[in-house]
>>> print(open('upload.pdb').read())   # PDB, C-alpha atoms
ATOM      1  CA  MET A   4     163.183-222.509  92.895
ATOM      2  CA  ARG A   5     163.744-218.838  92.256
ATOM      3  CA  PRO A   6     161.399-216.673  94.410
ATOM      4  CA  PHE A   7     158.662-214.537  92.886
ATOM      5  CA  MET A   8     159.804-211.251  91.412
ATOM      6  CA  ASN A   9     157.973-208.108  92.439
ATOM      7  CA  ILE A  10     157.871-205.690  89.520
ATOM      8  CA  ARG A  11     155.717-202.669  90.299
ATOM      9  CA  ARG A  12     153.546-204.831  92.601
ATOM     10  CA  LEU A  13     153.234-207.496  89.895
ATOM     11  CA  GLN A  14     154.149-211.054  90.828
ATOM     12  CA  THR A  15     155.674-213.291  88.186
ATOM     13  CA  ASN A  16     157.239-216.730  88.096
ATOM     14  CA  ALA A  17     159.246-218.758  85.602
ATOM     15  CA  GLY A  18     156.205-220.016  83.749
ATOM     16  CA  THR A  19     156.177-223.057  81.497
ATOM     17  CA  PRO A  20     157.123-223.581  77.836
ATOM     18  CA  ARG A  21     153.825-225.281  76.976
ATOM     19  CA  PRO A  22     151.213-224.533  75.890
ATOM     20  CA  TYR A  23     152.347-221.862  73.453
ATOM     21  CA  GLY A  24     150.791-218.427  73.605
ATOM     22  CA  PHE A  25     148.396-217.356  76.344
ATOM     23  CA  ALA A  26     147.040-219.896  78.833
ATOM     24  CA  PRO A  27     144.935-218.990  81.892
ATOM     25  CA  ASN A  28     145.533-220.735  85.206
ATOM     26  CA  SER A  29     144.308-220.553  88.794
ATOM     27  CA  SER A  30     146.523-217.601  89.763
ATOM     28  CA  GLY A  31     146.654-215.617  86.526
ATOM     29  CA  PHE A  32     148.058-216.767  83.215
ATOM     30  CA  ASN A  33     151.099-218.227  81.463
ATOM     31  CA  LEU A  34     152.735-216.813  78.321
ATOM     32  CA  SER A  35     155.014-218.811  76.044
ATOM     33  CA  LEU A  36     156.814-217.657  72.892
ATOM     34  CA  THR A  37     159.117-219.545  70.539
ATOM     35  CA  CYS A  38     161.823-217.226  69.253
ATOM     36  CA  THR A  39     164.991-218.812  67.914
ATOM     37  CA  HIS A  40     167.189-215.783  67.278
ATOM     38  CA  ALA A  41     166.114-213.399  70.033
ATOM     39  CA  THR A  42     168.884-212.015  72.212
ATOM     40  CA  GLN A  43     166.321-210.611  74.649
ATOM     41  CA  VAL A  44     162.544-210.825  75.044
ATOM     42  CA  THR A  45     160.622-208.225  77.050
ATOM     43  CA  LEU A  46     156.964-208.560  77.951
ATOM     44  CA  LEU A  47     154.901-205.367  77.754
ATOM     45  CA  LEU A  48     151.626-205.275  79.706
ATOM     46  CA  TYR A  49     148.958-202.651  79.081
ATOM     47  CA  ASP A  50     145.682-201.709  80.725
ATOM     48  CA  SER A  51     144.426-199.662  77.766
ATOM     49  CA  LEU A  52     143.813-200.125  74.030
ATOM     50  CA  ASP A  53     144.733-196.512  73.318
ATOM     51  CA  PRO A  54     147.361-196.675  70.505
ATOM     52  CA  LYS A  55     149.381-194.067  72.421
ATOM     53  CA  ALA A  56     149.209-195.892  75.757
ATOM     54  CA  LYS A  57     152.474-196.763  77.459
ATOM     55  CA  PRO A  58     152.964-200.190  79.073
ATOM     56  CA  ILE A  59     152.159-200.289  82.773
ATOM     57  CA  HIS A  60     154.628-203.157  83.268
ATOM     58  CA  THR A  61     157.821-203.774  81.305
ATOM     59  CA  ILE A  62     159.246-207.182  82.203
ATOM     60  CA  PRO A  63     162.563-208.398  80.725
ATOM     61  CA  LEU A  64     162.555-212.186  80.578
ATOM     62  CA  ASP A  65     165.603-213.854  82.098
ATOM     63  CA  PRO A  66     167.386-215.965  79.409
ATOM     64  CA  ILE A  67     168.081-218.655  82.033
ATOM     65  CA  TYR A  68     165.078-218.520  84.352
ATOM     66  CA  ASN A  69     162.445-217.743  81.700
ATOM     67  CA  LYS A  70     163.745-219.822  78.799
ATOM     68  CA  THR A  71     163.628-223.498  77.839
ATOM     69  CA  GLY A  72     165.462-224.301  74.617
ATOM     70  CA  GLN A  73     164.196-221.732  72.125
ATOM     71  CA  VAL A  74     161.006-221.037  74.093
ATOM     72  CA  TRP A  75     160.663-217.953  76.304
ATOM     73  CA  HIS A  76     158.000-218.137  79.008
ATOM     74  CA  ILE A  77     156.670-216.381  82.099
ATOM     75  CA  GLY A  78     153.822-216.727  84.568
ATOM     76  CA  ILE A  79     151.826-213.668  85.638
ATOM     77  CA  GLU A  80     150.363-214.109  89.127
ATOM     78  CA  ASN A  81     148.154-211.072  89.683
ATOM     79  CA  PRO A  82     147.402-209.515  86.283
ATOM     80  CA  PRO A  83     145.714-206.129  86.046
ATOM     81  CA  ASN A  84     142.169-205.984  84.755
ATOM     82  CA  PRO A  85     141.844-205.276  81.877
ATOM     83  CA  CYS A  86     145.160-206.630  80.629
ATOM     84  CA  TYR A  87     146.695-206.654  77.135
ATOM     85  CA  TYR A  88     150.195-207.551  76.052
ATOM     86  CA  LEU A  89     152.872-207.293  73.380
ATOM     87  CA  TYR A  90     156.453-208.514  73.086
ATOM     88  CA  GLN A  91     159.572-206.508  72.397
ATOM     89  CA  ILE A  92     162.179-208.770  70.878
ATOM     90  CA  GLU A  93     165.778-207.707  70.529
ATOM     91  CA  PRO A  94     167.424-206.870  68.204
ATOM     92  CA  ASN A  95     164.033-205.599  66.879
ATOM     93  CA  SER A  96     162.705-202.747  69.026
ATOM     94  CA  THR A  97     159.162-202.692  67.584
ATOM     95  CA  PRO A  98     156.481-204.165  69.903
ATOM     96  CA  LEU A  99     155.119-207.339  68.315
ATOM     97  CA  LEU A 100     152.011-209.488  68.621
ATOM     98  CA  ASP A 101     152.112-213.005  70.006
ATOM     99  CA  PRO A 102     151.756-215.292  66.940
ATOM    100  CA  TYR A 103     149.876-217.809  69.126
ATOM    101  CA  SER A 104     147.421-215.263  70.514
ATOM    102  CA  ARG A 105     143.740-216.246  70.323
ATOM    103  CA  GLN A 106     142.524-212.706  70.966
ATOM    104  CA  ILE A 107     143.701-209.539  69.227
ATOM    105  CA  THR A 108     141.908-206.263  69.711
ATOM    106  CA  CYS A 109     142.486-202.589  69.051
ATOM    107  CA  GLY A 110     139.297-200.985  70.318
ATOM    108  CA  VAL A 111     138.563-199.393  66.927
ATOM    109  CA  PRO A 112     135.547-200.395  64.788
ATOM    110  CA  TRP A 113     135.785-201.599  61.183
ATOM    111  CA  ARG A 114     137.365-198.940  58.958
ATOM    112  CA  GLY A 115     137.752-196.644  61.951
ATOM    113  CA  PHE A 116     141.428-195.885  61.324
ATOM    114  CA  GLY A 117     142.486-192.499  60.011
ATOM    115  CA  LYS A 118     145.869-193.680  58.780
ATOM    116  CA  ALA A 119     147.483-197.042  58.157
ATOM    117  CA  ASN A 120     149.800-196.701  61.139
ATOM    118  CA  ALA A 121     146.833-196.065  63.452
ATOM    119  CA  TYR A 122     146.198-199.813  63.454
ATOM    120  CA  ASN A 123     147.977-200.784  66.641
ATOM    121  CA  PRO A 124     146.398-203.955  68.039
ATOM    122  CA  LYS A 125     147.331-205.738  71.255
ATOM    123  CA  CYS A 126     146.910-209.302  72.438
ATOM    124  CA  GLY A 127     144.070-209.853  74.885
ATOM    125  CA  THR A 128     143.995-212.096  77.941
ATOM    126  CA  GLU A 129     140.438-213.396  77.851
ATOM    127  CA  PRO A 130     140.224-217.213  77.684
ATOM    128  CA  PRO A 131     139.127-218.213  74.166
ATOM    129  CA  PRO A 132     135.869-220.149  73.774
ATOM    130  CA  SER A 133     136.277-223.871  73.387
ATOM    131  CA  PHE A 134     134.676-226.132  70.804
ATOM    132  CA  LEU A 135     134.695-229.926  70.823
ATOM    133  CA  TRP A 136     135.066-231.152  67.255
ATOM    134  CA  THR A 137     134.296-234.649  68.543
ATOM    135  CA  ASP A 138     130.639-233.593  68.623
ATOM    136  CA  ALA A 139     130.675-232.531  64.966
ATOM    137  CA  SER A 140     129.756-234.730  62.020
ATOM    138  CA  PHE A 141     130.894-234.329  58.423
ATOM    139  CA  GLN A 142     129.444-235.583  55.186
ATOM    140  CA  LYS A 143     131.849-237.658  53.120
ATOM    141  CA  ILE A 144     131.018-236.261  49.702
ATOM    142  CA  PRO A 145     133.154-237.465  46.773
ATOM    143  CA  PRO A 146     135.081-234.572  45.151
ATOM    144  CA  LYS A 147     133.287-235.113  41.842
ATOM    145  CA  ASP A 148     129.948-234.434  43.577
ATOM    146  CA  LEU A 149     130.929-231.265  45.407
ATOM    147  CA  VAL A 150     128.977-228.087  44.688
ATOM    148  CA  ILE A 151     131.181-225.424  46.307
ATOM    149  CA  TYR A 152     130.056-221.936  47.250
ATOM    150  CA  GLU A 153     132.994-219.566  47.705
ATOM    151  CA  MET A 154     131.982-217.184  50.483
ATOM    152  CA  HIS A 155     133.224-213.862  51.857
ATOM    153  CA  ILE A 156     131.731-213.873  55.345
ATOM    154  CA  ARG A 157     131.172-210.105  55.591
ATOM    155  CA  ALA A 158     129.906-209.587  52.047
ATOM    156  CA  PHE A 159     127.626-212.640  52.031
ATOM    157  CA  THR A 160     125.070-211.089  54.397
ATOM    158  CA  SER A 161     126.089-207.430  54.748
ATOM    159  CA  ASP A 162     123.186-206.145  52.643
ATOM    160  CA  ASN A 163     119.821-205.655  54.337
ATOM    161  CA  SER A 164     118.222-207.894  51.719
ATOM    162  CA  SER A 165     119.857-210.903  53.387
ATOM    163  CA  GLY A 166     117.249-210.657  56.155
ATOM    164  CA  VAL A 167     119.546-211.895  58.925
ATOM    165  CA  ASP A 168     119.824-210.808  62.539
ATOM    166  CA  SER A 169     123.536-209.874  62.546
ATOM    167  CA  PRO A 170     124.628-208.930  58.997
ATOM    168  CA  GLY A 171     128.207-209.704  57.997
ATOM    169  CA  THR A 172     128.915-212.222  60.752
ATOM    170  CA  PHE A 173     129.476-215.958  61.098
ATOM    171  CA  ALA A 174     126.133-216.205  62.882
ATOM    172  CA  ALA A 175     124.454-214.654  59.847
ATOM    173  CA  ALA A 176     126.143-217.134  57.495
ATOM    174  CA  ILE A 177     124.855-219.983  59.644
ATOM    175  CA  GLN A 178     121.379-218.482  59.468
ATOM    176  CA  LYS A 179     121.561-218.648  55.657
ATOM    177  CA  ILE A 180     122.472-222.347  55.461
ATOM    178  CA  PRO A 181     118.934-223.353  54.415
ATOM    179  CA  HIS A 182     119.227-220.895  51.516
ATOM    180  CA  LEU A 183     122.478-222.516  50.393
ATOM    181  CA  VAL A 184     120.946-225.973  50.650
ATOM    182  CA  ASN A 185     118.022-224.846  48.477
ATOM    183  CA  LEU A 186     120.543-223.701  45.864
ATOM    184  CA  GLY A 187     122.029-227.202  45.813
ATOM    185  CA  VAL A 188     125.264-226.211  47.587
ATOM    186  CA  ASN A 189     126.878-228.970  49.657
ATOM    187  CA  ALA A 190     130.228-227.348  50.549
ATOM    188  CA  VAL A 191     131.341-223.845  51.477
ATOM    189  CA  GLU A 192     134.831-222.458  50.890
ATOM    190  CA  LEU A 193     135.582-219.364  52.965
ATOM    191  CA  LEU A 194     137.706-216.497  51.728
ATOM    192  CA  PRO A 195     140.288-215.269  54.302
ATOM    193  CA  ILE A 196     138.785-215.146  57.792
ATOM    194  CA  PHE A 197     141.898-214.225  59.789
ATOM    195  CA  GLU A 198     142.698-210.950  61.515
ATOM    196  CA  PHE A 199     144.025-208.275  59.127
ATOM    197  CA  ASN A 200     144.436-204.516  58.888
ATOM    198  CA  GLU A 201     141.764-203.279  56.499
ATOM    199  CA  SER A 202     143.388-199.819  56.440
ATOM    200  CA  GLU A 203     146.888-200.885  55.434
ATOM    201  CA  TYR A 204     146.419-199.504  51.899
ATOM    202  CA  GLN A 205     145.844-195.780  51.538
ATOM    203  CA  GLY A 206     144.813-195.653  47.878
ATOM    204  CA  ARG A 207     141.695-193.750  46.820
ATOM    205  CA  ASN A 208     138.799-194.563  44.545
ATOM    206  CA  PRO A 209     139.595-192.597  41.331
ATOM    207  CA  PHE A 210     135.929-191.613  40.924
ATOM    208  CA  THR A 211     134.733-190.900  44.470
ATOM    209  CA  ARG A 212     138.139-190.138  46.057
ATOM    210  CA  LYS A 213     137.099-192.175  49.079
ATOM    211  CA  THR A 214     139.863-194.106  50.821
ATOM    212  CA  LEU A 215     139.982-197.733  49.734
ATOM    213  CA  CYS A 216     140.359-200.607  52.165
ATOM    214  CA  ASN A 217     141.642-204.150  52.122
ATOM    215  CA  TYR A 218     138.214-205.748  52.064
ATOM    216  CA  TRP A 219     139.247-209.299  51.242
ATOM    217  CA  GLY A 220     141.822-209.930  53.964
ATOM    218  CA  TYR A 221     144.609-211.436  51.874
ATOM    219  CA  SER A 222     147.201-210.004  54.252
ATOM    220  CA  PRO A 223     146.597-211.736  57.610
ATOM    221  CA  ILE A 224     148.496-210.723  60.718
ATOM    222  CA  ASN A 225     147.487-213.743  62.809
ATOM    223  CA  PHE A 226     146.452-217.206  61.677
ATOM    224  CA  PHE A 227     144.769-218.201  64.938
ATOM    225  CA  LEU A 228     142.095-215.505  64.823
ATOM    226  CA  LEU A 229     138.844-215.421  62.920
TER
END
>>> encode(input="upload.pdb", output="structure tokens")
Amino acid sequence: MRPFMNIRRLQTNAGTPRPYGFAPNSSGFNLSLTCTHATQVTLLLYDSLDPKAKPIHTIPLDPIYNKTGQVWHIGIENPPNPCYYLYQIEPNSTPLLDPYSRQITCGVPWRGFGKANAYNPKCGTEPPPSFLWTDASFQKIPPKDLVIYEMHIRAFTSDNSSGVDSPGTFAAAIQKIPHLVNLGVNAVELLPIFEFNESEYQGRNPFTRKTLCNYWGYSPINFFLL
């Protein structure tokens, strides 16, 4: 086995091709990325969410040691804390998100971006919460009997009149389930709930001149995030 590499006091190993994305382990974490046409994959590690921050570790993955088939992988033994990451994939030089990431963050609140290009998220390395669907039960309602409520999670409870504890959140929507039941609703269809850049459009309201935003989320950047 190839010995550990010391890169700026960071220990790494070959890693494993599965599971995809980020996976914590006893000594740090494993990263795995499927990329068919890449000529080189470089892992960029950060300790800051500042959009202007430079990576504290730049780790080129070895196409023999860190690759199985079309999957690039690496194990990080002693990660910094906090730790965020991106990939640089040749021939594209732009840092990219991990499509399997379960945590994306940019440290900027909703609509806190001055310009579209200020949205510069990074992948986090916090273990995602687990949920056992085996403990869940579902009603088998015939399609002809469905009464569907199409819901935008943020808009559904964002107004103070909703009377919830955390307006605009999933928790608030759960709190309003009795209200939906009283209306006769037996199924909820959610509008896009994935991560997106609400500031990607820089148009202005023709009457107020305020900057518009992508409120609905029909331009997701990651399908694993809510």
>>> axis_aligned_box(input="upload.pdb", around="region 180-197 of chain A", padding_each_side="3 Å", output="lines of an AutoDock Vina configuration file")
center_x = 130.0
center_y = -221.6
center_z = 52.8
size_x = 29.9
size_y = 20.7
size_z = 20.0
>>> resolve_selection(input="upload.pdb", expression="the PyMOL selection byres ((chain A and resi 88-98) around 9)", output="PyMOL selection string")
chain A and resi 38+40-50+58+86-87+99-101+125-128
>>> atom_distance(input="upload.pdb", atom1="CA of Pro63 (chain A)", atom2="CA of Asn28 (chain A)")
21.5 Å
>>> atom_distance(input="upload.pdb", atom1="CA of Ile79 (chain A)", atom2="CA of Thr108 (chain A)")
20.2 Å
>>> residues_near_point(input="upload.pdb", point="(141.9, -200.0, 73.7)", cutoff="7 Å", atoms="only C-alpha atoms", output="list in words")
Ser51, Leu52, Asp53, Cys109 and Gly110 of chain A
>>> atom_distance(input="upload.pdb", atom1="CA of Pro223 (chain A)", atom2="CA of Gly206 (chain A)")
18.9 Å
>>> closest_residue(input="upload.pdb", among="A:Pro27, A:Tyr152, A:Tyr221, A:Lys55", to="Gly187 (chain A)", atoms="all atoms listed in the file")
A:Tyr152
>>> closest_residue(input="upload.pdb", among="A:Gly166, A:Pro130, A:Gly115, A:Pro85", to="Phe32 (chain A)", atoms="all atoms listed in the file")
A:Pro130
